[in-house]
Each structure stands twice: as structure tokens, then as C-alpha cells.
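Pasting entry_11.pdb here (PDB, C-alpha atoms):
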```pdb
ATOM      1  CA  MET A   1     -22.893  -4.370  27.665  1.00  0.00           C
ATOM      2  CA  ALA A   2     -20.005  -6.618  26.632  1.00  0.00           C
ATOM      3  CA  GLY A   3     -22.373  -8.007  24.007  1.00  0.00           C
ATOM      4  CA  GLU A   4     -22.696  -4.511  22.529  1.00  0.00           C
ATOM      5  CA  LEU A   5     -18.953  -4.190  22.171  1.00  0.00           C
ATOM      6  CA  GLU A   6     -18.669  -7.608  20.601  1.00  0.00           C
ATOM      7  CA  SER A   7     -21.147  -6.756  17.881  1.00  0.00           C
ATOM      8  CA  CYS A   8     -19.225  -6.358  14.646  1.00  0.00           C
ATOM      9  CA  LYS A   9     -21.387  -3.944  12.742  1.00  0.00           C
ATOM     10  CA  PRO A  10     -20.096  -0.758  14.329  1.00  0.00           C
ATOM     11  CA  LEU A  11     -16.498  -2.026  14.545  1.00  0.00           C
ATOM     12  CA  SER A  12     -15.821  -1.250  10.906  1.00  0.00           C
ATOM     13  CA  GLY A  13     -17.025   2.294  11.494  1.00  0.00           C
ATOM     14  CA  LEU A  14     -14.871   2.558  14.603  1.00  0.00           C
ATOM     15  CA  LEU A  15     -11.752   1.440  12.744  1.00  0.00           C
ATOM     16  CA  SER A  16     -12.525   3.984  10.046  1.00  0.00           C
ATOM     17  CA  GLY A  17     -12.876   6.747  12.622  1.00  0.00           C
ATOM     18  CA  LEU A  18      -9.687   5.697  14.409  1.00  0.00           C
ATOM     19  CA  ALA A  19      -7.804   5.677  11.094  1.00  0.00           C
ATOM     20  CA  GLN A  20      -9.082   9.182  10.285  1.00  0.00           C
ATOM     21  CA  ASP A  21      -7.697  10.387  13.568  1.00  0.00           C
ATOM     22  CA  ALA A  22      -4.480   8.373  13.879  1.00  0.00           C
ATOM     23  CA  PHE A  23      -3.321   8.299  10.248  1.00  0.00           C
ATOM     24  CA  TYR A  24      -5.080  10.913   8.158  1.00  0.00           C
ATOM     25  CA  GLY A  25      -4.910  13.587  10.834  1.00  0.00           C
ATOM     26  CA  HIS A  26      -8.549  14.619  10.524  1.00  0.00           C
ATOM     27  CA  PRO A  27      -9.431  16.837  13.446  1.00  0.00           C
ATOM     28  CA  GLY A  28     -12.429  16.475  15.689  1.00  0.00           C
ATOM     29  CA  ILE A  29     -12.706  12.688  15.888  1.00  0.00           C
ATOM     30  CA  THR A  30     -13.142  12.457  19.624  1.00  0.00           C
ATOM     31  CA  GLU A  31     -13.796   9.415  21.762  1.00  0.00           C
ATOM     32  CA  GLU A  32     -17.245  10.792  22.593  1.00  0.00           C
ATOM     33  CA  LEU A  33     -18.071  11.312  18.917  1.00  0.00           C
ATOM     34  CA  LEU A  34     -17.172   7.728  18.102  1.00  0.00           C
ATOM     35  CA  ARG A  35     -19.078   6.380  21.077  1.00  0.00           C
ATOM     36  CA  SER A  36     -22.235   8.352  20.441  1.00  0.00           C
ATOM     37  CA  GLN A  37     -22.267   7.553  16.726  1.00  0.00           C
ATOM     38  CA  LEU A  38     -21.341   3.884  16.872  1.00  0.00           C
ATOM     39  CA  TYR A  39     -21.913   2.531  20.381  1.00  0.00           C
ATOM     40  CA  PRO A  40     -24.543   4.842  21.873  1.00  0.00           C
ATOM     41  CA  ASP A  41     -25.675   2.311  24.496  1.00  0.00           C
ATOM     42  CA  VAL A  42     -22.187   1.666  25.856  1.00  0.00           C
ATOM     43  CA  PRO A  43     -21.060   3.841  28.782  1.00  0.00           C
ATOM     44  CA  ILE A  44     -17.888   5.846  28.244  1.00  0.00           C
ATOM     45  CA  GLU A  45     -15.932   3.964  30.962  1.00  0.00           C
ATOM     46  CA  GLU A  46     -16.411   0.752  29.001  1.00  0.00           C
ATOM     47  CA  PHE A  47     -15.956   2.299  25.585  1.00  0.00           C
ATOM     48  CA  ARG A  48     -12.694   4.000  26.428  1.00  0.00           C
ATOM     49  CA  PRO A  49     -10.537   0.877  26.989  1.00  0.00           C
ATOM     50  CA  PHE A  50     -12.248  -0.845  24.065  1.00  0.00           C
ATOM     51  CA  GLN A  51     -11.418   1.856  21.557  1.00  0.00           C
ATOM     52  CA  ALA A  52      -7.906   2.122  23.027  1.00  0.00           C
ATOM     53  CA  LYS A  53      -7.427  -1.591  22.413  1.00  0.00           C
ATOM     54  CA  MET A  54      -8.643  -1.311  18.818  1.00  0.00           C
ATOM     55  CA  ARG A  55      -6.502   1.763  18.231  1.00  0.00           C
ATOM     56  CA  GLY A  56      -3.460  -0.069  19.596  1.00  0.00           C
ATOM     57  CA  ILE A  57      -4.077  -3.045  17.331  1.00  0.00           C
ATOM     58  CA  LEU A  58      -4.522  -0.817  14.269  1.00  0.00           C
ATOM     59  CA  LYS A  59      -1.359   1.132  15.069  1.00  0.00           C
ATOM     60  CA  SER A  60       0.667  -2.067  15.516  1.00  0.00           C
ATOM     61  CA  ILE A  61      -0.533  -3.382  12.175  1.00  0.00           C
ATOM     62  CA  ALA A  62       0.214  -0.094  10.399  1.00  0.00           C
ATOM     63  CA  SER A  63       3.544   0.431  12.105  1.00  0.00           C
ATOM     64  CA  ALA A  64       4.809  -2.984  11.060  1.00  0.00           C
ATOM     65  CA  ASP A  65       3.227  -2.618   7.609  1.00  0.00           C
ATOM     66  CA  MET A  66       2.014  -6.191   8.022  1.00  0.00           C
ATOM     67  CA  ASP A  67       1.516  -8.420   5.048  1.00  0.00           C
ATOM     68  CA  PHE A  68      -1.395 -10.815   5.114  1.00  0.00           C
ATOM     69  CA  ASN A  69       0.527 -13.685   6.729  1.00  0.00           C
ATOM     70  CA  GLN A  70       1.823 -11.468   9.509  1.00  0.00           C
ATOM     71  CA  LEU A  71      -1.664 -10.002   9.917  1.00  0.00           C
ATOM     72  CA  GLU A  72      -3.286 -13.416  10.352  1.00  0.00           C
ATOM     73  CA  ALA A  73      -0.644 -14.497  12.864  1.00  0.00           C
ATOM     74  CA  PHE A  74      -0.942 -11.242  14.791  1.00  0.00           C
ATOM     75  CA  LEU A  75      -4.741 -11.288  14.930  1.00  0.00           C
ATOM     76  CA  THR A  76      -4.814 -14.952  15.924  1.00  0.00           C
ATOM     77  CA  ALA A  77      -2.482 -14.149  18.816  1.00  0.00           C
ATOM     78  CA  GLN A  78      -4.802 -11.299  19.816  1.00  0.00           C
ATOM     79  CA  THR A  79      -7.792 -13.662  19.942  1.00  0.00           C
ATOM     80  CA  LYS A  80      -5.900 -15.982  22.294  1.00  0.00           C
ATOM     81  CA  LYS A  81      -4.876 -13.203  24.675  1.00  0.00           C
ATOM     82  CA  GLN A  82      -6.592 -12.443  27.965  1.00  0.00           C
ATOM     83  CA  GLY A  83      -8.817  -9.441  27.278  1.00  0.00           C
ATOM     84  CA  GLY A  84      -8.074  -9.743  23.579  1.00  0.00           C
ATOM     85  CA  ILE A  85     -10.477  -9.754  20.651  1.00  0.00           C
ATOM     86  CA  THR A  86     -13.037 -12.213  19.337  1.00  0.00           C
ATOM     87  CA  SER A  87     -12.470 -14.058  16.077  1.00  0.00           C
ATOM     88  CA  ASP A  88     -15.340 -12.097  14.526  1.00  0.00           C
ATOM     89  CA  GLN A  89     -13.641  -8.864  15.484  1.00  0.00           C
ATOM     90  CA  ALA A  90     -10.374 -10.222  14.057  1.00  0.00           C
ATOM     91  CA  ALA A  91     -12.174 -10.830  10.761  1.00  0.00           C
ATOM     92  CA  VAL A  92     -13.461  -7.249  10.662  1.00  0.00           C
ATOM     93  CA  ILE A  93      -9.998  -5.848  11.422  1.00  0.00           C
ATOM     94  CA  SER A  94      -8.448  -8.064   8.765  1.00  0.00           C
ATOM     95  CA  LYS A  95     -10.945  -6.892   6.158  1.00  0.00           C
ATOM     96  CA  PHE A  96     -10.383  -3.269   7.155  1.00  0.00           C
ATOM     97  CA  TRP A  97      -6.590  -3.486   6.852  1.00  0.00           C
ATOM     98  CA  LYS A  98      -6.808  -5.223   3.474  1.00  0.00           C
ATOM     99  CA  SER A  99      -8.908  -2.441   2.002  1.00  0.00           C
ATOM    100  CA  HIS A 100      -7.162   0.519   3.685  1.00  0.00           C
ATOM    101  CA  LYS A 101      -3.548  -0.625   3.827  1.00  0.00           C
ATOM    102  CA  THR A 102      -2.349   1.321   0.797  1.00  0.00           C
ATOM    103  CA  LYS A 103      -4.023   4.553   1.776  1.00  0.00           C
ATOM    104  CA  ILE A 104      -2.811   4.356   5.386  1.00  0.00           C
ATOM    105  CA  ARG A 105       0.721   3.599   4.267  1.00  0.00           C
ATOM    106  CA  GLU A 106       0.697   6.565   1.931  1.00  0.00           C
ATOM    107  CA  SER A 107      -0.494   8.770   4.751  1.00  0.00           C
ATOM    108  CA  LEU A 108       2.316   7.535   7.015  1.00  0.00           C
ATOM    109  CA  MET A 109       4.872   8.166   4.280  1.00  0.00           C
ATOM    110  CA  ASN A 110       3.594  11.720   3.904  1.00  0.00           C
ATOM    111  CA  GLN A 111       3.836  12.252   7.660  1.00  0.00           C
ATOM    112  CA  SER A 112       7.518  11.379   7.549  1.00  0.00           C
ATOM    113  CA  ARG A 113       8.322  13.862   4.766  1.00  0.00           C
ATOM    114  CA  TRP A 114       9.481  17.031   6.441  1.00  0.00           C
ATOM    115  CA  ASP A 115      11.356  18.626   3.600  1.00  0.00           C
ATOM    116  CA  SER A 116       9.453  20.502   0.920  1.00  0.00           C
ATOM    117  CA  GLY A 117       7.938  18.491  -1.867  1.00  0.00           C
ATOM    118  CA  LEU A 118       7.668  19.193  -5.556  1.00  0.00           C
ATOM    119  CA  ARG A 119       4.082  20.306  -5.914  1.00  0.00           C
ATOM    120  CA  GLY A 120       4.157  21.203  -9.575  1.00  0.00           C
ATOM    121  CA  LEU A 121       6.398  21.413 -12.575  1.00  0.00           C
ATOM    122  CA  SER A 122       5.954  23.273 -15.837  1.00  0.00           C
ATOM    123  CA  TRP A 123       8.439  24.242 -18.468  1.00  0.00           C
ATOM    124  CA  ARG A 124       8.997  26.080 -21.693  1.00  0.00           C
ATOM    125  CA  VAL A 125      11.781  26.063 -24.255  1.00  0.00           C
ATOM    126  CA  ASP A 126      12.697  29.415 -25.787  1.00  0.00           C
ATOM    127  CA  GLY A 127      14.790  29.762 -28.876  1.00  0.00           C
ATOM    128  CA  LYS A 128      16.782  32.932 -28.369  1.00  0.00           C
ATOM    129  CA  SER A 129      18.243  34.484 -31.423  1.00  0.00           C
ATOM    130  CA  GLN A 130      20.397  36.983 -29.630  1.00  0.00           C
ATOM    131  CA  SER A 131      21.584  37.596 -26.119  1.00  0.00           C
ATOM    132  CA  ARG A 132      22.868  40.740 -24.446  1.00  0.00           C
ATOM    133  CA  HIS A 133      25.616  38.872 -22.637  1.00  0.00           C
ATOM    134  CA  SER A 134      26.883  36.581 -25.252  1.00  0.00           C
ATOM    135  CA  ALA A 135      27.629  36.748 -28.922  1.00  0.00           C
ATOM    136  CA  GLU A 136      25.981  33.379 -29.524  1.00  0.00           C
ATOM    137  CA  ILE A 137      23.159  33.485 -31.912  1.00  0.00           C
ATOM    138  CA  HIS A 138      20.332  31.062 -31.514  1.00  0.00           C
ATOM    139  CA  THR A 139      20.877  29.820 -27.937  1.00  0.00           C
ATOM    140  CA  PRO A 140      17.926  27.742 -26.861  1.00  0.00           C
ATOM    141  CA  VAL A 141      16.973  28.090 -23.220  1.00  0.00           C
ATOM    142  CA  ALA A 142      14.832  25.843 -21.065  1.00  0.00           C
ATOM    143  CA  ILE A 143      12.822  27.643 -18.408  1.00  0.00           C
ATOM    144  CA  MET A 144      11.332  25.551 -15.644  1.00  0.00           C
ATOM    145  CA  GLU A 145       8.848  26.631 -13.048  1.00  0.00           C
ATOM    146  CA  LEU A 146       8.985  24.470  -9.958  1.00  0.00           C
ATOM    147  CA  GLU A 147       6.390  24.763  -7.237  1.00  0.00           C
ATOM    148  CA  ILE A 148       8.247  23.749  -4.119  1.00  0.00           C
ATOM    149  CA  GLY A 149       6.655  23.715  -0.734  1.00  0.00           C
ATOM    150  CA  LYS A 150       5.329  21.886   2.250  1.00  0.00           C
ATOM    151  CA  SER A 151       1.613  21.161   2.314  1.00  0.00           C
ATOM    152  CA  GLY A 152      -0.261  24.350   3.008  1.00  0.00           C
ATOM    153  CA  GLN A 153       2.610  26.463   1.806  1.00  0.00           C
ATOM    154  CA  GLU A 154       3.873  27.076  -1.674  1.00  0.00           C
ATOM    155  CA  PHE A 155       6.848  28.800  -3.215  1.00  0.00           C
ATOM    156  CA  GLN A 156       7.084  29.309  -6.892  1.00  0.00           C
ATOM    157  CA  ASN A 157      10.503  29.272  -8.302  1.00  0.00           C
ATOM    158  CA  ARG A 158      11.523  29.918 -11.783  1.00  0.00           C
ATOM    159  CA  VAL A 159      14.681  28.150 -12.730  1.00  0.00           C
ATOM    160  CA  ILE A 160      16.334  28.921 -16.000  1.00  0.00           C
ATOM    161  CA  SER A 161      18.619  26.334 -17.392  1.00  0.00           C
ATOM    162  CA  SER A 162      20.642  28.024 -20.043  1.00  0.00           C
ATOM    163  CA  SER A 163      21.704  26.410 -23.280  1.00  0.00           C
ATOM    164  CA  SER A 164      21.252  22.972 -24.682  1.00  0.00           C
ATOM    165  CA  SER A 165      24.424  21.550 -23.079  1.00  0.00           C
ATOM    166  CA  SER A 166      23.431  22.135 -19.450  1.00  0.00           C
ATOM    167  CA  SER A 167      19.890  20.886 -20.044  1.00  0.00           C
ATOM    168  CA  SER A 168      21.096  17.615 -21.536  1.00  0.00           C
ATOM    169  CA  SER A 169      23.660  17.076 -18.775  1.00  0.00           C
ATOM    170  CA  THR A 170      20.911  17.485 -16.160  1.00  0.00           C
ATOM    171  CA  ALA A 171      18.719  14.951 -17.971  1.00  0.00           C
ATOM    172  CA  ASN A 172      21.543  12.428 -17.904  1.00  0.00           C
ATOM    173  CA  THR A 173      21.967  12.638 -14.098  1.00  0.00           C
TER
ATOM    174  CA  GLN B   1      19.706  30.607 -13.531  1.00  0.00           C
ATOM    175  CA  LEU B   2      20.517  27.035 -12.611  1.00  0.00           C
ATOM    176  CA  ILE B   3      24.078  26.787 -11.320  1.00  0.00           C
ATOM    177  CA  ASP B   4      24.146  23.294  -9.876  1.00  0.00           C
ATOM    178  CA  PHE B   5      21.900  20.279  -9.425  1.00  0.00           C
ATOM    179  CA  GLN B   6      22.666  17.746  -6.699  1.00  0.00           C
ATOM    180  CA  TRP B   7      20.668  14.665  -5.876  1.00  0.00           C
ATOM    181  CA  LYS B   8      20.491  11.901  -3.327  1.00  0.00           C
ATOM    182  CA  LEU B   9      18.579   8.657  -3.345  1.00  0.00           C
ATOM    183  CA  GLY B  10      17.491   7.841   0.207  1.00  0.00           C
ATOM    184  CA  MET B  11      15.543   5.126   1.952  1.00  0.00           C
ATOM    185  CA  ALA B  12      13.500   6.034   5.012  1.00  0.00           C
ATOM    186  CA  VAL B  13      13.668   2.883   7.081  1.00  0.00           C
ATOM    187  CA  SER B  14      11.681   3.741  10.171  1.00  0.00           C
ATOM    188  CA  SER B  15       9.958   6.665  11.875  1.00  0.00           C
ATOM    189  CA  ASP B  16       8.129   7.421  15.091  1.00  0.00           C
ATOM    190  CA  SER B  17       4.785   6.946  13.351  1.00  0.00           C
ATOM    191  CA  CYS B  18       5.734   3.859  11.364  1.00  0.00           C
ATOM    192  CA  ARG B  19       8.393   1.355  12.424  1.00  0.00           C
ATOM    193  CA  SER B  20       8.500  -0.369   9.078  1.00  0.00           C
ATOM    194  CA  LEU B  21       8.487   2.539   6.666  1.00  0.00           C
ATOM    195  CA  LYS B  22      10.651   1.252   3.787  1.00  0.00           C
ATOM    196  CA  TYR B  23      10.116   4.374   1.740  1.00  0.00           C
ATOM    197  CA  PRO B  24      12.569   5.280  -1.020  1.00  0.00           C
ATOM    198  CA  TYR B  25      12.797   8.926  -2.069  1.00  0.00           C
ATOM    199  CA  VAL B  26      14.909  11.266  -4.171  1.00  0.00           C
ATOM    200  CA  ALA B  27      16.131  14.473  -2.521  1.00  0.00           C
ATOM    201  CA  VAL B  28      17.300  17.293  -4.793  1.00  0.00           C
ATOM    202  CA  MET B  29      19.367  20.390  -4.010  1.00  0.00           C
ATOM    203  CA  LEU B  30      19.260  23.139  -6.631  1.00  0.00           C
ATOM    204  CA  LYS B  31      21.697  26.057  -6.613  1.00  0.00           C
ATOM    205  CA  VAL B  32      20.008  28.964  -8.334  1.00  0.00           C
ATOM    206  CA  ALA B  33      21.350  32.463  -9.054  1.00  0.00           C
ATOM    207  CA  ASP B  34      18.970  35.405  -9.380  1.00  0.00           C
ATOM    208  CA  HIS B  35      19.600  38.366 -11.773  1.00  0.00           C
ATOM    209  CA  SER B  36      21.763  40.126  -9.178  1.00  0.00           C
ATOM    210  CA  GLY B  37      23.976  37.053  -9.003  1.00  0.00           C
ATOM    211  CA  GLN B  38      22.899  36.040  -5.510  1.00  0.00           C
ATOM    212  CA  VAL B  39      22.971  32.277  -5.122  1.00  0.00           C
ATOM    213  CA  LYS B  40      20.205  30.482  -3.265  1.00  0.00           C
ATOM    214  CA  ASN B  41      19.785  26.816  -2.392  1.00  0.00           C
ATOM    215  CA  LYS B  42      16.437  25.142  -2.871  1.00  0.00           C
ATOM    216  CA  SER B  43      15.914  21.619  -1.665  1.00  0.00           C
ATOM    217  CA  PHE B  44      12.957  19.313  -2.022  1.00  0.00           C
ATOM    218  CA  GLU B  45      12.013  15.653  -1.857  1.00  0.00           C
ATOM    219  CA  MET B  46      10.205  13.459  -4.348  1.00  0.00           C
ATOM    220  CA  THR B  47       8.629  10.040  -4.121  1.00  0.00           C
ATOM    221  CA  ILE B  48       9.860   7.594  -6.752  1.00  0.00           C
ATOM    222  CA  PRO B  49       6.790   8.065  -9.019  1.00  0.00           C
ATOM    223  CA  GLN B  50       7.211  11.849  -8.744  1.00  0.00           C
ATOM    224  CA  PHE B  51      10.878  11.522  -9.609  1.00  0.00           C
ATOM    225  CA  GLN B  52      10.090   9.367 -12.616  1.00  0.00           C
ATOM    226  CA  ASN B  53       7.750  12.079 -13.887  1.00  0.00           C
ATOM    227  CA  PHE B  54      10.410  14.721 -13.158  1.00  0.00           C
ATOM    228  CA  TYR B  55      12.976  12.731 -15.120  1.00  0.00           C
ATOM    229  CA  ARG B  56      10.546  12.220 -18.028  1.00  0.00           C
ATOM    230  CA  GLN B  57       9.977  15.979 -18.222  1.00  0.00           C
ATOM    231  CA  PHE B  58      13.722  16.613 -18.369  1.00  0.00           C
ATOM    232  CA  LYS B  59      14.152  14.054 -21.097  1.00  0.00           C
ATOM    233  CA  GLU B  60      11.414  15.760 -23.063  1.00  0.00           C
ATOM    234  CA  ILE B  61      13.060  19.154 -22.619  1.00  0.00           C
ATOM    235  CA  ALA B  62      16.414  17.753 -23.707  1.00  0.00           C
ATOM    236  CA  ALA B  63      14.864  16.247 -26.825  1.00  0.00           C
ATOM    237  CA  ILE B  64      13.072  19.471 -27.764  1.00  0.00           C
ATOM    238  CA  ILE B  65      15.992  21.759 -27.034  1.00  0.00           C
ATOM    239  CA  GLU B  66      18.100  19.769 -29.497  1.00  0.00           C
ATOM    240  CA  THR B  67      15.615  20.478 -32.243  1.00  0.00           C
ATOM    241  CA  VAL B  68      15.248  24.206 -31.595  1.00  0.00           C
TER
END
```

Representation of the structure as C-alpha cells:
Amino acid sequence: MAGELESCKPLSGLLSGLAQDAFYGHPGITEELLRSQLYPDVPIEEFRPFQAKMRGILKSIASADMDFNQLEAFLTAQTKKQGGITSDQAAVISKFWKSHKTKIRESLMNQSRWDSGLRGLSWRVDGKSQSRHSAEIHTPVAIMELEIGKSGQEFQNRVISSSSSSSSSTANT
Amino acid sequence: QLIDFQWKLGMAVSSDSCRSLKYPYVAVMLKVADHSGQVKNKSFEMTIPQFQNFYRQFKEIAAIIETV
């Protein structure tokens, strides 16, 4: 059975599944799903520590945002450890990180943003010729519509910046 | 109506999900008054590319508003 786990073909798929769960927050990626799809001949008691080890390695790499030198050093150390990984497995992990690093990092950045984000921005400039509140003729007004919200939630806010002077002072900030 | 615009440039260094985050961001606090005069605060965060787009839009508005 150890031979099954050492085979590299399904490892790439496993790393992908683990990333979906750990970084992209996709629901429903259970241990049993991964085992049955990728390592159907491996019993769950053997699969469990194996996937935990791979998950741990992936999380360490992502958490430290390893560059390629750090990655090589880290994976080499893992191959030398008792109960570590094979050099073939290290190669698969290395390849996986190189192609997914940017996307995983972006996902982690998004996870750490708890304040609302700017989901959309549109604007319009009106040239007013007359205003009820002021005697000024021809006061241009910039109207901005900001969509502010957390993911899954949106608030639309219309913000009016009156007159050319306040709009240009904002742009100079 | 826009009353005030405050900003902050921050750097998220580390988080529980990522020890080496190194993520710069711009946080903005807008003070907005509605037609009754009630003032509300709206805050939001932007990544640097989002902020650069935000800034570009403002520059465009400023340029156009001068010509109106």
C-alpha cells in the first residue's frame, strides 16, 4: 500500500483538492472524497496521515510565501526527514507551488481583508447652470457611485462631490 | 455630499492564515452627508492595483470638471 501512496500521478490531484479546501474555501472537499477519487485502493487509516502530511507541507509553503530557493531547501529537508516525502513527491509539490503560488497568495490576501472592499466605481460629471442653494451659475458637480461591500453583500452609495475645487483637491490626495 | 476623505496606506505583515503576508493596501474613510444633513462614515479597503484605478478615475474626473 505504501507503493500506492508513493505514486506521483494522483499527488498533483491531491494537492489541487487540498488547495481548494485550505485556500480557496471550496466546500465539500472531504478526506473521503479525495481518497475515493485519487487513491481508491488505499485504506482510510493510511490515507488520513498521508493527506495530513501533504496538507501540512502545502500550508507551510503558503504561509511562508516561499520563493524558489526556500522551497527547494524546505522540500529537500522534508525528503531527509523520518516519515517525510520522496524526492519524486518533492518534485510534484515543487511544480504545484510554482504554478499555483500567485493564485493561492491572492486567496490568502482576500481572506485577511475583513473591511468592505470597493466592488465598483462609476461616475458622471454634471454641469449645473443654476442651484437652489447658491447663486453660482455653472457649478460643475462630480457624482460618484461607489459599490462598497464585503463579498456576498453589496451597498450602493452615491457620493456627490460638489464643485470643481473639492474634486481636484481629492484627486491630489 | 462628500464632506471629508481620509486615507491610510497600510501593510498587512502577517495573519493567522499566512505568516508572511506582506500585503500593502489603501484604506479609505469617507464622510458623507445625506439630504437631511445626517453624516455617515463609509470605510473600505483597496488593493494597490484597485487604488491605482481609483486614483486614475479621480484624475479623469478632475480633468473633465475643469473643462465643463

At most 7 Å to chain A: residues in chain B, all atoms listed in the file, as a PyMOL selection string: chain B and resi 1-2+15+17-20+23+32+44-46+55+58-59+62+65-66+68

Using the chain letters and numbers from the file, give me the residues hit by the PyMOL selection byres ((chain A and resi 86) around 12), as a list in words. Ala2, Gly3, Leu5, Glu6, Ser7, Cys8, Leu11, Met54, Leu75, Thr76, Ala77, Gln78, Thr79, Lys80, Lys81, Gln82, Gly83, Gly84, Ile85, Ser87, Asp88, Gln89, Ala90, Ala91, Val92 and Ile93 of chain A

Determine the residue membership of the PyMOL selection byres ((chain B and resi 5) around 8) for the file above and supply it as a list in words.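 Selection result, ordered by chain and number: Thr170 of chain A; Leu2, Ile3, Asp4, Gln6, Trp7, Val28, Met29, Leu30 and Lys31 of chain B.
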
Between atom CA of Ala27 of chain B and atom CA of Ile61 of chain B, what distance in Å does the model show, to one decimal?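 Between atom CA of Ala27 of chain B and atom CA of Ile61 of chain B the gap works out to 20.9 Å.
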
For this structure, which residues satisfy the selection - the PyMOL selection byres ((chain B and resi 47) around 8) - when it is evaluated on the file as given? I want them as a ChimeraX atom specification. /B:24-26,45-46,48-51

Record the distance separating atom CA of Ile104 of chain A and atom CA of Gln20 of chain A, expressed in Å with one decimal.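 Value for the atom CA of Ile104 of chain A-atom CA of Gln20 of chain A distance: 9.3 Å.
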
At what distance in Å, to one decimal, does atom CA of Lys98 of chain A lie from atom CA of Val13 of chain B?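 Computed distance, atom CA of Val13 of chain B to atom CA of Lys98 of chain A, equals 22.3 Å.
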
Give me the residues near Glu32 of chain A as a ChimeraX atom specification, where near means some atom within 12 Å (using only C-alpha atoms) and where sequence neighbours in that chain fewer than 3 positions away do not count. /A:14,17,28-29,35-40,42-48,51
